[in-house]
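Colleague: As input, take final-v6.txt (compact mmCIF, C-alpha atoms):
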```txt
# COMPACT_ATOMS: atom_id res chain seq x y z
CA MET E 1 260.68 200.26 30.05
CA ALA E 2 259.42 202.93 27.65
CA GLU E 3 257.52 204.53 30.55
CA HIS E 4 260.00 204.21 33.39
CA GLY E 5 263.35 203.58 31.74
CA TYR E 6 265.65 200.65 32.19
CA ASP E 7 265.78 201.17 35.96
CA GLY E 8 262.00 200.76 36.09
CA LEU E 9 262.08 197.52 34.11
CA THR E 10 261.88 194.85 36.80
CA VAL E 11 260.53 191.32 36.76
CA ASP E 12 257.86 192.48 39.25
CA ALA E 13 256.78 195.41 37.06
CA VAL E 14 256.57 193.22 33.96
CA ALA E 15 254.53 190.64 35.89
CA ALA E 16 252.18 193.29 37.29
CA ARG E 17 251.60 194.91 33.89
CA SER E 18 251.01 191.62 32.10
CA GLY E 19 248.84 190.15 34.86
CA VAL E 20 250.90 187.02 35.41
CA HIS E 21 252.80 185.81 38.44
CA ARG E 22 256.40 186.96 38.75
CA THR E 23 257.62 183.35 38.71
CA THR E 24 256.13 182.97 35.21
CA VAL E 25 258.26 185.86 33.96
CA TYR E 26 261.23 184.60 35.91
CA ARG E 27 261.01 181.00 34.62
CA ARG E 28 260.85 182.14 31.00
CA TRP E 29 263.50 184.90 30.97
CA ARG E 30 265.41 184.79 34.26
CA THR E 31 266.21 188.51 34.01
CA VAL E 32 264.76 191.57 32.33
CA ASP E 33 267.79 191.59 30.01
CA GLY E 34 266.70 188.19 28.70
CA LEU E 35 263.24 189.62 28.00
CA LEU E 36 264.77 192.58 26.19
CA VAL E 37 266.94 190.33 24.04
CA ASP E 38 263.88 188.27 23.04
CA LEU E 39 261.91 191.44 22.25
CA LEU E 40 264.59 192.66 19.85
CA ALA E 41 265.09 189.21 18.35
CA MET E 42 261.33 189.16 17.66
CA GLY E 43 261.67 192.52 15.91
CA ALA E 44 264.44 191.14 13.69
CA ASP E 45 262.28 188.13 12.79
CA ASP E 46 259.27 190.17 11.76
CA SER E 47 258.13 190.79 8.22
CA TRP E 48 259.12 194.46 8.09
CA ILE E 49 260.16 195.73 4.67
CA PRO E 50 260.65 199.35 3.60
CA ALA E 51 257.73 201.06 1.86
CA GLU E 52 257.77 201.10 -1.95
CA THR E 53 256.63 204.46 -3.32
CA GLY E 54 258.12 204.35 -6.81
CA THR E 55 260.93 206.87 -6.20
CA LEU E 56 264.11 206.90 -4.12
CA GLU E 57 263.06 210.18 -2.52
CA GLY E 58 259.64 208.80 -1.58
CA ASP E 59 261.09 205.59 -0.15
CA LEU E 60 263.66 207.49 1.96
CA VAL E 61 261.01 209.94 3.19
CA GLU E 62 258.87 207.00 4.37
CA LEU E 63 261.87 205.41 6.08
CA ASN E 64 262.77 208.66 7.85
CA ARG E 65 259.17 209.22 8.94
CA GLU E 66 259.15 205.78 10.59
CA ILE E 67 262.41 206.54 12.40
CA HIS E 68 261.21 210.03 13.33
CA ALA E 69 257.97 208.64 14.79
CA SER E 70 259.81 205.95 16.75
CA LEU E 71 262.17 208.53 18.31
CA THR E 72 259.60 211.27 19.05
CA ILE E 73 256.61 209.24 20.32
CA ARG E 74 256.32 209.51 24.11
CA PRO E 75 257.12 207.18 25.71
CA SER E 76 259.62 205.99 23.08
CA LEU E 77 260.57 202.32 23.28
CA THR E 78 263.40 202.95 20.79
CA THR E 79 264.96 205.62 23.00
CA ALA E 80 264.55 203.35 26.04
CA VAL E 81 266.28 200.48 24.23
CA ILE E 82 269.12 202.80 23.16
CA ALA E 83 269.55 203.85 26.80
CA ALA E 84 269.51 200.18 27.88
CA SER E 85 272.20 199.40 25.27
CA PHE E 86 274.56 201.66 27.25
CA ARG E 87 273.77 199.69 30.42
CA THR E 88 274.09 196.01 29.56
CA PRO E 89 276.03 194.13 26.88
CA GLU E 90 272.98 191.89 26.25
CA ALA E 91 270.82 194.86 25.28
CA ALA E 92 273.69 196.33 23.24
CA ASN E 93 274.21 193.14 21.24
CA ALA E 94 270.49 192.66 20.68
CA LEU E 95 270.01 196.27 19.53
CA HIS E 96 272.99 196.20 17.17
CA GLY E 97 271.75 192.94 15.65
CA PHE E 98 268.28 194.44 15.22
CA TRP E 99 269.63 197.56 13.48
CA LYS E 100 272.06 195.63 11.28
CA ASP E 101 269.10 193.61 10.03
CA ARG E 102 266.97 196.73 9.46
CA TYR E 103 269.69 198.52 7.49
CA GLU E 104 270.31 195.39 5.41
CA ARG E 105 266.60 195.13 4.57
CA SER E 106 266.51 198.85 3.73
CA ALA E 107 269.25 198.47 1.10
CA ILE E 108 266.56 197.27 -1.33
CA VAL E 109 265.42 200.90 -1.60
CA ILE E 110 268.74 201.76 -3.28
CA ALA E 111 268.73 198.57 -5.41
CA ARG E 112 265.28 199.50 -6.76
CA ALA E 113 266.44 203.05 -7.57
CA ILE E 114 269.43 201.62 -9.46
CA ASP E 115 267.09 199.26 -11.36
CA ARG E 116 264.89 202.23 -12.33
CA GLY E 117 267.96 204.10 -13.56
CA GLU E 118 267.39 206.87 -10.99
CA ILE E 119 270.93 206.75 -9.55
CA PRO E 120 274.34 205.44 -10.67
CA ALA E 121 274.77 201.66 -10.52
CA ASP E 122 277.78 201.98 -8.18
CA THR E 123 275.90 204.00 -5.54
CA ASP E 124 276.98 203.01 -2.01
CA ALA E 125 273.71 201.80 -0.44
CA HIS E 126 274.82 201.96 3.21
CA ARG E 127 276.17 205.50 2.68
CA VAL E 128 272.84 206.65 1.22
CA LEU E 129 270.94 205.14 4.16
CA LEU E 130 273.31 206.63 6.74
CA THR E 131 273.24 210.06 5.07
CA ALA E 132 269.43 210.03 5.22
CA THR E 133 268.88 208.52 8.67
CA ALA E 134 271.91 209.38 10.86
CA PRO E 135 270.97 213.07 11.33
CA LEU E 136 267.66 212.00 12.93
CA PHE E 137 269.32 209.74 15.49
CA HIS E 138 272.12 212.22 16.18
CA GLN E 139 269.89 215.26 16.61
CA LEU E 140 267.11 213.55 18.62
CA THR E 141 269.02 210.94 20.64
CA LEU E 142 272.53 212.33 21.19
CA LEU E 143 272.27 216.13 20.74
CA ARG E 144 268.69 216.00 22.18
CA GLN E 145 267.54 218.94 20.12
CA ASP E 146 264.24 219.27 18.26
CA LEU E 147 263.84 217.84 14.79
CA SER E 148 260.47 218.12 13.05
CA GLU E 149 258.96 215.65 10.59
CA ALA E 150 259.60 218.28 7.88
CA ASP E 151 263.30 218.21 8.87
CA ALA E 152 263.27 214.41 8.68
CA ASP E 153 261.77 214.64 5.18
CA ARG E 154 264.47 217.15 4.22
CA TYR E 155 267.33 214.82 5.23
CA ALA E 156 265.70 212.05 3.18
CA ARG E 157 265.45 214.34 0.13
CA ASP E 158 269.04 215.58 0.61
CA ALA E 159 270.30 211.99 0.50
CA ALA E 160 268.20 211.17 -2.58
CA ARG E 161 269.43 214.29 -4.38
CA ALA E 162 273.07 213.60 -3.43
CA ALA E 163 272.75 210.01 -4.72
CA LYS E 164 271.24 211.27 -8.00
CA ALA E 165 274.07 213.81 -8.36
CA GLY E 166 276.56 210.91 -8.14
CA ILE E 167 277.95 212.13 -4.82
CA LEU E 168 277.35 208.85 -2.95
CA ARG E 169 279.11 206.40 -5.31
CA ALA E 170 281.28 203.63 -3.89
CA PRO E 171 284.97 204.62 -3.71
CA MET M 1 285.42 206.80 33.60
CA ALA M 2 286.94 206.27 30.17
CA GLU M 3 288.65 203.14 31.50
CA HIS M 4 285.95 201.62 33.67
CA GLY M 5 282.72 203.27 32.54
CA TYR M 6 280.30 205.29 34.58
CA ASP M 7 279.89 202.47 37.12
CA GLY M 8 283.63 202.61 37.79
CA LEU M 9 283.61 206.37 38.35
CA THR M 10 283.50 206.68 42.13
CA VAL M 11 284.73 209.38 44.47
CA ASP M 12 287.20 206.82 45.87
CA ALA M 13 288.56 205.93 42.42
CA VAL M 14 288.97 209.59 41.46
CA ALA M 15 290.75 210.28 44.77
CA ALA M 16 293.06 207.27 44.35
CA ARG M 17 293.98 208.19 40.77
CA SER M 18 294.60 211.87 41.54
CA GLY M 19 296.49 211.16 44.77
CA VAL M 20 294.30 213.29 47.01
CA HIS M 21 292.13 212.33 49.95
CA ARG M 22 288.56 211.35 49.15
CA THR M 23 287.22 214.19 51.31
CA THR M 24 288.99 216.67 49.00
CA VAL M 25 287.07 215.30 46.02
CA TYR M 26 283.89 215.12 48.06
CA ARG M 27 284.12 218.71 49.38
CA ARG M 28 284.63 220.12 45.90
CA TRP M 29 282.10 218.10 43.90
CA ARG M 30 279.88 216.16 46.33
CA THR M 31 279.20 213.47 43.68
CA VAL M 32 280.90 212.14 40.57
CA ASP M 33 278.08 213.70 38.52
CA GLY M 34 279.16 217.12 39.79
CA LEU M 35 282.71 216.38 38.64
CA LEU M 36 281.44 215.30 35.22
CA VAL M 37 279.38 218.48 34.82
CA ASP M 38 282.46 220.61 35.64
CA LEU M 39 284.58 218.62 33.19
CA LEU M 40 282.14 219.28 30.34
CA ALA M 41 281.67 222.92 31.35
CA MET M 42 285.47 223.27 31.17
CA GLY M 43 285.38 221.82 27.65
CA ALA M 44 282.76 224.37 26.61
CA ASP M 45 284.89 227.22 28.01
CA ASP M 46 288.04 226.24 26.18
CA SER M 47 289.47 228.00 23.17
CA TRP M 48 288.58 225.31 20.63
CA ILE M 49 287.87 226.56 17.13
CA PRO M 50 287.55 224.47 13.96
CA ALA M 51 290.65 224.19 11.76
CA GLU M 52 290.92 226.62 8.83
CA THR M 53 292.27 224.88 5.72
CA GLY M 54 291.05 227.25 3.00
CA THR M 55 288.27 224.99 1.63
CA LEU M 56 284.93 223.74 2.95
CA GLU M 57 285.95 220.17 2.15
CA GLY M 58 289.24 220.53 4.02
CA ASP M 59 287.58 222.11 7.05
CA LEU M 60 284.91 219.37 7.25
CA VAL M 61 287.54 216.63 6.81
CA GLU M 62 289.49 218.07 9.77
CA LEU M 63 286.31 218.28 11.86
CA ASN M 64 285.36 214.68 11.06
CA ARG M 65 288.89 213.45 11.82
CA GLU M 66 288.68 215.03 15.28
CA ILE M 67 285.31 213.38 15.93
CA HIS M 68 286.52 210.08 14.49
CA ALA M 69 289.60 210.12 16.75
CA SER M 70 287.52 210.97 19.84
CA LEU M 71 285.13 208.06 19.18
CA THR M 72 287.71 205.42 18.19
CA ILE M 73 290.54 206.08 20.69
CA ARG M 74 290.55 203.41 23.45
CA PRO M 75 289.53 204.18 26.10
CA SER M 76 287.22 206.86 24.65
CA LEU M 77 286.15 209.59 27.08
CA THR M 78 283.55 210.77 24.56
CA THR M 79 281.90 207.34 24.40
CA ALA M 80 281.98 207.12 28.20
CA VAL M 81 280.32 210.54 28.54
CA ILE M 82 277.65 209.53 26.01
CA ALA M 83 276.95 206.40 28.08
CA ALA M 84 276.79 208.52 31.25
CA SER M 85 274.30 210.86 29.55
CA PHE M 86 271.86 207.95 29.42
CA ARG M 87 272.33 207.40 33.17
CA THR M 88 271.97 210.77 34.84
CA PRO M 89 270.20 214.00 33.83
CA GLU M 90 273.22 216.03 35.04
CA ALA M 91 275.55 214.30 32.58
CA ALA M 92 272.90 214.56 29.83
CA ASN M 93 272.46 218.32 30.31
CA ALA M 94 276.19 218.94 30.50
CA LEU M 95 276.87 216.89 27.34
CA HIS M 96 274.08 218.54 25.34
CA GLY M 97 275.34 221.98 26.37
CA PHE M 98 278.87 221.01 25.37
CA TRP M 99 277.76 219.76 21.93
CA LYS M 100 275.46 222.74 21.31
CA ASP M 101 278.46 224.99 21.89
CA ARG M 102 280.72 222.91 19.61
CA TYR M 103 278.21 222.88 16.75
CA GLU M 104 277.68 226.64 17.12
CA ARG M 105 281.43 227.26 16.94
CA SER M 106 281.69 224.95 13.92
CA ALA M 107 279.16 227.00 11.92
CA ILE M 108 282.00 229.40 11.06
CA VAL M 109 283.26 226.75 8.62
CA ILE M 110 280.12 227.27 6.51
CA ALA M 111 280.21 231.08 6.93
CA ARG M 112 283.77 231.12 5.59
CA ALA M 113 282.78 228.95 2.60
CA ILE M 114 279.92 231.36 1.83
CA ASP M 115 282.34 234.33 2.07
CA ARG M 116 284.68 232.61 -0.38
CA GLY M 117 281.78 232.04 -2.78
CA GLU M 118 282.23 228.25 -2.54
CA ILE M 119 278.58 227.52 -1.65
CA PRO M 120 275.23 229.35 -1.94
CA ALA M 121 274.68 232.18 0.57
CA ASP M 122 271.51 230.53 1.90
CA THR M 123 273.22 227.21 2.77
CA ASP M 124 271.85 225.76 6.01
CA ALA M 125 274.94 225.56 8.26
CA HIS M 126 273.53 223.13 10.84
CA ARG M 127 272.34 220.80 8.07
CA VAL M 128 275.81 220.77 6.48
CA LEU M 129 277.42 219.98 9.86
CA LEU M 130 274.90 217.25 10.68
CA THR M 131 275.20 215.69 7.21
CA ALA M 132 278.98 215.50 7.63
CA THR M 133 279.21 214.43 11.28
CA ALA M 134 276.04 212.47 12.17
CA PRO M 135 277.05 209.30 10.23
CA LEU M 136 280.18 209.00 12.41
CA PHE M 137 278.27 209.15 15.68
CA HIS M 138 275.49 206.89 14.39
CA GLN M 139 277.76 204.22 12.95
CA LEU M 140 280.33 204.14 15.79
CA THR M 141 278.18 204.90 18.85
CA LEU M 142 274.68 203.59 18.10
CA LEU M 143 275.09 200.96 15.36
CA ARG M 144 278.55 200.05 16.81
CA GLN M 145 279.94 199.08 13.44
CA ASP M 146 283.38 199.92 12.07
CA LEU M 147 284.02 203.23 10.38
CA SER M 148 287.54 204.03 9.15
CA GLU M 149 289.15 207.45 8.98
CA ALA M 150 288.82 207.18 5.17
CA ASP M 151 285.05 206.72 5.67
CA ALA M 152 284.97 209.76 7.98
CA ASP M 153 286.76 211.78 5.26
CA ARG M 154 284.22 210.54 2.70
CA TYR M 155 281.22 211.75 4.74
CA ALA M 156 282.93 215.15 5.09
CA ARG M 157 283.48 215.33 1.32
CA ASP M 158 279.91 214.18 0.58
CA ALA M 159 278.55 217.05 2.71
CA ALA M 160 280.87 219.59 1.06
CA ARG M 161 279.87 218.39 -2.43
CA ALA M 162 276.15 218.40 -1.54
CA ALA M 163 276.48 221.97 -0.20
CA LYS M 164 278.28 223.07 -3.39
CA ALA M 165 275.57 221.44 -5.51
CA GLY M 166 272.98 223.60 -3.69
CA ILE M 167 271.36 220.56 -2.04
CA LEU M 168 271.71 221.87 1.54
CA ARG M 169 270.08 225.31 1.16
CA ALA M 170 267.72 226.60 3.85
CA PRO M 171 264.07 225.81 3.05
```
What does this structure look like when you write it as structure tokens?

Modeller:
Amino acid sequence: MAEHGYDGLTVDAVAARSGVHRTTVYRRWRTVDGLLVDLLAMGADDSWIPAETGTLEGDLVELNREIHASLTIRPSLTTAVIAASFRTPEAANALHGFWKDRYERSAIVIARAIDRGEIPADTDAHRVLLTATAPLFHQLTLLRQDLSEADADRYARDAARAAKAGILRAP
Amino acid sequence: MAEHGYDGLTVDAVAARSGVHRTTVYRRWRTVDGLLVDLLAMGADDSWIPAETGTLEGDLVELNREIHASLTIRPSLTTAVIAASFRTPEAANALHGFWKDRYERSAIVIARAIDRGEIPADTDAHRVLLTATAPLFHQLTLLRQDLSEADADRYARDAARAAKAGILRAP
């Protein structure tokens, strides 16, 4: 799918690439959407946790670098899954569940910064994460304009500095 | 398209809704993608300019309310065009051209704030606009989670406050 898009993701193509018979793929998943749902469910079950660098800025920079890499690598599975989410409700639900889980896990970055006394205790964790990460998705996936890793770092630092300045406190 | 998605956008459906013969639609645009490209090109040619409220915060709040309304109205043409942009290169190019134009026109909001002495002269206009607007697109279109108009206002205010604090200066 990363190489040929959602339209190129067929049971035959998956069977050919993985060296099994098409009926094996078919028996397990019925459709390519079923395969996609399992792929994303696997991602949500994995042991991913955000990097711990010792500072809010460092943690957000690491998070943004991961997102930046996933959106700029060619072929990009993330971009292919986003495209698929606009095609089938199964892919959409699986992707939204995957992201919800990732953002929930990432909230620990803000909790640690509060514990260290880096930012106010009533900082809105989701708003910090969205302020840091949303510009990457918007610029690369929707506006389809360039965004360098240095730009990704900058949005992470902006969010950290805004949180420290008390701008991102819960209403 | 807003009502039935890209799959429901056919030459026959457009002809039926507009009360003309399908050959009229076909002669003018050949395909529905051609129609979509003209629609977005029309949007780029229009006389839209961002609201002028007298403050950076006010201008960004107005901008975010427009975006929020366009993404939450049902049916949403904007969401339908975003979905179409993941289907055909014609729709993708037309949408990216439309947005590029809108973001360029919106930069005047930051230029006015600099002229008023509200924010540093070296404030990065595109970064201010992306910091204010990207969370709306990301949350509503990609994460598909709720985002209220009050939330949209908050992201606009966050960006204005970060710009005033000198956080969004050009590197």

Colleague: Up to 7 Å from chain M, what residues of chain E turn up? Count all atoms listed in the file and give them as number ranges by chain.

Modeller: E: 83, 86, 96, 99, 130-131, 134-135, 137-138, 143-144, 158, 161-162, 167-168

Colleague: Find the residues around region 65-67 of chain E up to 8 Å (all atoms listed in the file counted), leave out those fewer than 2 positions away in its own chain, and share them as a PyMOL selection string.

Modeller: chain E and resi 61-63+69-71+133+136+149+152-153

Colleague: Which distance in Å separates CA of Ile119 (chain E) and CA of Ala44 (chain E), to one decimal?

Modeller: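 About the pair CA of Ile119 (chain E) and CA of Ala44 (chain E): they are 28.7 Å apart.
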
Colleague: Do you have the CA of Asp12 (chain M)-CA of Ser76 (chain M) distance handy?

Modeller: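 About the pair CA of Asp12 (chain M) and CA of Ser76 (chain M): they are 21.2 Å apart.
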
Colleague: Please list as a list in words every residue within 12 Å of region 20-22 of chain M, counting all atoms listed in the file and excluding residues in the same chain fewer than 5 positions away.

Modeller: Thr10, Val11, Asp12, Ala13, Val14, Ala15, Arg27, Arg28, Trp29, Arg30, Thr31 and Val32 of chain M

Colleague: Which polymer residues have any atom within 12 Å of an atom of Ile108 (chain M), counting only C-alpha atoms, with same-chain residues fewer than 2 positions away left out, as a list of chain:residue names?

Modeller: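 Here the qualifying residues turn out to be M:Ile49, M:Pro50, M:Ala51, M:Glu52, M:Leu56, M:Asp59, M:Leu60, M:Leu63, M:Arg102, M:Tyr103, M:Glu104, M:Arg105, M:Ser106, M:Ile110, M:Ala111, M:Arg112, M:Ala113, M:Ile114, M:Asp115, M:Asp124, M:Ala125, M:His126, M:Val128, M:Leu129.
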